[in-house]
Amino acid sequence: MATRRRAREVALQMLFQFDASGISADDVVTLYKRSFGEGSLPNEFSIQLFLTISGVIDKIDAQITRCSEHWRLDRMSRVDRNILRIGVYEICLGDDVPVRVAINEAVELAKRYGTAESAAFVNGILDRVARDEQRL
């Protein structure tokens with residue numbers, strides 16, 4: 001069984017493709033499965049996370065925009081933007097991940113896939129999101 005961290009990585013990859021290509025969420029899942037679907041991933045958690053986030057992406061993006069001073073969403077790197085989408089979803093809309101875990105998981109994704117500054121950037125915005133939502 002794949003870990004949730006690895007499943008979040010898969011959801012990040014699908015969000016990146018969704019963001020970059022403009023194809024439908026269902027088509028992203030189909031393409032991902034066709035390309036990488038041999039094995040334990042994508043699993044139900046990664047697919048559901050991706051589909052749920054892609055379905056409420058405007059709401060999530062509005063929250064990111066409110067909490068990111070001096071950064072427009074379109075100026076953020078595509079990797080950071082999609083990591084933030086996962087984190088904001090898990091903090092604000094998800095119900096099974098503690099806030100500190102959601103932030104930590106997003107920071108770990110940023111360390112692995114982002115730039116040298118990504119982890120601090122993601123941590124700062126998600127901390128503000130959690131405080132605004134009164135979840136910290």
# chains A, B, ... in the order shown; residues from 1 in each chain; ligands from 1
call {"tool": "residues_around", "arguments": {"residues": "Arg135 of chain A", "least_positions_apart": "5", "cutoff": "12 Å", "atoms": "only C-alpha atoms", "output": "list in words"}}
result
Val88, Glu90, Ile91, Cys92, Leu93, Asp95, Val97, Pro98, Val99, Arg100, Ala102, Ile103, Leu126, Asp127, Arg128, Val129 and Ala130 of chain A
call {"tool": "write_last_selection", "arguments": {"atoms": "N, CA and C atoms", "output": "short mmCIF file (atom, residue, chain, number, x, y, z; two decimals), in the first residue's frame"}}
result
data_model
loop_
_atom_site.label_atom_id
_atom_site.label_comp_id
_atom_site.auth_asym_id
_atom_site.auth_seq_id
_atom_site.Cartn_x
_atom_site.Cartn_y
_atom_site.Cartn_z
N VAL A 88 -3.98 23.99 1.09
CA VAL A 88 -5.18 24.76 1.41
C VAL A 88 -6.40 23.85 1.46
N GLU A 90 -6.46 20.67 2.25
CA GLU A 90 -6.41 19.85 3.46
C GLU A 90 -6.66 20.67 4.72
N ILE A 91 -6.26 21.94 4.73
CA ILE A 91 -6.50 22.80 5.89
C ILE A 91 -7.96 23.26 5.96
N CYS A 92 -8.49 23.71 4.85
CA CYS A 92 -9.79 24.38 4.86
C CYS A 92 -10.97 23.47 4.54
N LEU A 93 -10.79 22.51 3.69
CA LEU A 93 -11.93 21.73 3.20
C LEU A 93 -11.86 20.26 3.58
N ASP A 95 -11.21 16.97 6.03
CA ASP A 95 -11.63 16.73 7.41
C ASP A 95 -10.86 15.60 8.09
N VAL A 97 -7.22 15.35 8.03
CA VAL A 97 -5.79 15.62 8.20
C VAL A 97 -5.64 16.79 9.17
N PRO A 98 -4.92 16.59 10.28
CA PRO A 98 -4.67 17.72 11.19
C PRO A 98 -3.92 18.85 10.46
N VAL A 99 -4.16 20.07 10.87
CA VAL A 99 -3.58 21.23 10.20
C VAL A 99 -2.06 21.15 10.15
N ARG A 100 -1.43 20.83 11.26
CA ARG A 100 0.04 20.76 11.30
C ARG A 100 0.57 19.69 10.33
N ALA A 102 -0.99 18.73 7.54
CA ALA A 102 -1.21 19.27 6.19
C ALA A 102 -0.09 20.24 5.81
N ILE A 103 0.27 21.12 6.73
CA ILE A 103 1.35 22.08 6.46
C ILE A 103 2.67 21.34 6.28
N LEU A 126 0.68 28.86 3.98
CA LEU A 126 -0.23 27.91 4.64
C LEU A 126 -0.42 28.25 6.11
N ASP A 127 0.61 28.76 6.76
CA ASP A 127 0.46 29.21 8.15
C ASP A 127 -0.57 30.34 8.22
N ARG A 128 -0.49 31.25 7.29
CA ARG A 128 -1.47 32.36 7.26
C ARG A 128 -2.87 31.84 6.98
N VAL A 129 -2.99 30.91 6.05
CA VAL A 129 -4.30 30.31 5.76
C VAL A 129 -4.88 29.69 7.03
N ALA A 130 -4.07 28.92 7.74
CA ALA A 130 -4.54 28.26 8.95
C ALA A 130 -4.94 29.27 10.01
#
call {"tool": "residues_around", "arguments": {"residues": "segment 10-14 of chain A", "least_positions_apart": "3", "cutoff": "8 Å", "atoms": "only C-alpha atoms", "output": "PyMOL selection string"}}
result
chain A and resi 6-7+17-18+28-29+32+41-42+46-47+49-50+79+82-83+86
call {"tool": "write_last_selection", "arguments": {"atoms": "C-alpha atoms", "output": "compact mmCIF listing (two decimals), in the first residue's frame"}}
result
# COMPACT_ATOMS: atom_id res chain seq x y z
CA ARG A 6 3.48 9.35 -2.07
CA ALA A 7 -0.22 9.65 -2.95
CA GLN A 17 -0.70 18.48 -15.65
CA PHE A 18 -4.20 19.86 -15.15
CA VAL A 28 -5.79 13.85 -16.58
CA VAL A 29 -6.65 10.78 -14.47
CA TYR A 32 -1.95 9.33 -15.70
CA LEU A 41 -0.52 4.33 -7.59
CA PRO A 42 -2.56 6.17 -8.44
CA SER A 46 -4.56 10.34 -4.78
CA ILE A 47 -7.31 10.28 -7.41
CA LEU A 49 -7.63 14.28 -3.71
CA PHE A 50 -6.90 15.44 -7.25
CA VAL A 79 4.88 23.59 -8.58
CA ASN A 82 -0.19 23.28 -6.87
CA ILE A 83 1.45 22.34 -3.58
CA ILE A 86 -3.17 20.63 -1.80
call {"tool": "select_by_dssp", "arguments": {"residues": "chain A", "states": "alpha helix (DSSP H)", "output": "PyMOL selection string"}}
result
chain A and resi 4-21+25-36+44-55+57-67+78-88+99-113+118-132
call {"tool": "residues_around", "arguments": {"residues": "segment 108-113 of chain A", "least_positions_apart": "6", "cutoff": "9 Å", "atoms": "only C-alpha atoms", "output": "list in words"}}
result
Arg5, Arg8, Glu9, Leu12, Val79, Asp80, Ile83, Ala119, Ala120, Phe121 and Val122 of chain A
call {"tool": "write_last_selection", "arguments": {"atoms": "C-alpha atoms", "output": "PDB file, in the first residue's frame"}}
result
ATOM      1  CA  ARG A   5       2.843  11.233   1.179  1.00  0.00           C
ATOM      2  CA  ARG A   8       0.032  13.425  -2.456  1.00  0.00           C
ATOM      3  CA  GLU A   9       2.992  13.438  -4.853  1.00  0.00           C
ATOM      4  CA  LEU A  12       0.589  17.008  -7.273  1.00  0.00           C
ATOM      5  CA  VAL A  79       4.882  23.595  -8.582  1.00  0.00           C
ATOM      6  CA  ASP A  80       4.445  25.932  -5.599  1.00  0.00           C
ATOM      7  CA  ILE A  83       1.455  22.340  -3.580  1.00  0.00           C
ATOM      8  CA  ALA A 119       9.504  25.355   1.468  1.00  0.00           C
ATOM      9  CA  ALA A 120       9.588  28.680   3.327  1.00  0.00           C
ATOM     10  CA  PHE A 121       7.179  30.248   0.825  1.00  0.00           C
ATOM     11  CA  VAL A 122       4.664  27.386   1.120  1.00  0.00           C
TER      12      VAL A 122
END
call {"tool": "closest_residue", "arguments": {"among": "A:Glu69, A:Asp26, A:Asp74, A:Glu105", "to": "Gly124 of chain A", "atoms": "only C-alpha atoms"}}
result
A:Glu69
call {"tool": "closest_residue", "arguments": {"among": "A:Val101, A:Ala116, A:Val107, A:Arg85", "to": "Val56 of chain A", "atoms": "only C-alpha atoms"}}
result
A:Arg85
call {"tool": "atom_distance", "arguments": {"atom1": "atom CA of Phe45 of chain A", "atom2": "atom CA of Ile57 of chain A"}}
result
17.6 Å
call {"tool": "closest_residue", "arguments": {"among": "A:Thr3, A:Ser21, A:Ser68, A:Asn123", "to": "Glu44 of chain A", "atoms": "only C-alpha atoms"}}
result
A:Thr3
call {"tool": "atom_distance", "arguments": {"atom1": "atom CA of Ser77 of chain A", "atom2": "atom CA of Lys33 of chain A"}}
result
25.3 Å
call {"tool": "closest_residue", "arguments": {"among": "A:Ser40, A:Tyr89, A:Leu51, A:Asn104", "to": "Ile64 of chain A", "atoms": "only C-alpha atoms"}}
result
A:Tyr89
call {"tool": "decode", "arguments": {"residues": "segment 38-50 of chain A", "atoms": "N, CA and C atoms", "output": "tab-separated table (two decimals), in the first residue's frame"}}
result
chain	number	residue	atom	x	y	z
A	38	GLU	N	0.58	1.21	-13.53
A	38	GLU	CA	0.96	-0.15	-13.15
A	38	GLU	C	1.53	-0.13	-11.74
A	39	GLY	N	0.82	-0.65	-10.80
A	39	GLY	CA	1.31	-0.68	-9.43
A	39	GLY	C	0.28	-0.12	-8.47
A	40	SER	N	0.76	0.33	-7.33
A	40	SER	CA	-0.14	0.76	-6.26
A	40	SER	C	-0.64	2.20	-6.44
A	41	LEU	N	-0.08	2.95	-7.36
A	41	LEU	CA	-0.52	4.33	-7.59
A	41	LEU	C	-0.86	4.53	-9.05
A	42	PRO	N	-1.81	5.35	-9.38
A	42	PRO	CA	-2.56	6.17	-8.44
A	42	PRO	C	-3.55	5.32	-7.66
A	43	ASN	N	-3.71	5.66	-6.39
A	43	ASN	CA	-4.67	4.94	-5.57
A	43	ASN	C	-5.91	5.81	-5.38
A	44	GLU	N	-6.86	5.29	-4.67
A	44	GLU	CA	-8.13	6.01	-4.47
A	44	GLU	C	-7.90	7.36	-3.81
A	45	PHE	N	-6.99	7.40	-2.81
A	45	PHE	CA	-6.71	8.66	-2.12
A	45	PHE	C	-6.15	9.71	-3.07
A	46	SER	N	-5.17	9.35	-3.88
A	46	SER	CA	-4.56	10.34	-4.78
A	46	SER	C	-5.55	10.80	-5.85
A	47	ILE	N	-6.32	9.89	-6.39
A	47	ILE	CA	-7.31	10.28	-7.41
A	47	ILE	C	-8.38	11.16	-6.81
A	48	GLN	N	-8.90	10.77	-5.65
A	48	GLN	CA	-9.95	11.55	-5.01
A	48	GLN	C	-9.44	12.93	-4.60
A	49	LEU	N	-8.22	12.99	-4.08
A	49	LEU	CA	-7.63	14.28	-3.71
A	49	LEU	C	-7.53	15.18	-4.94
A	50	PHE	N	-7.01	14.65	-6.02
A	50	PHE	CA	-6.90	15.44	-7.25
A	50	PHE	C	-8.26	15.90	-7.76
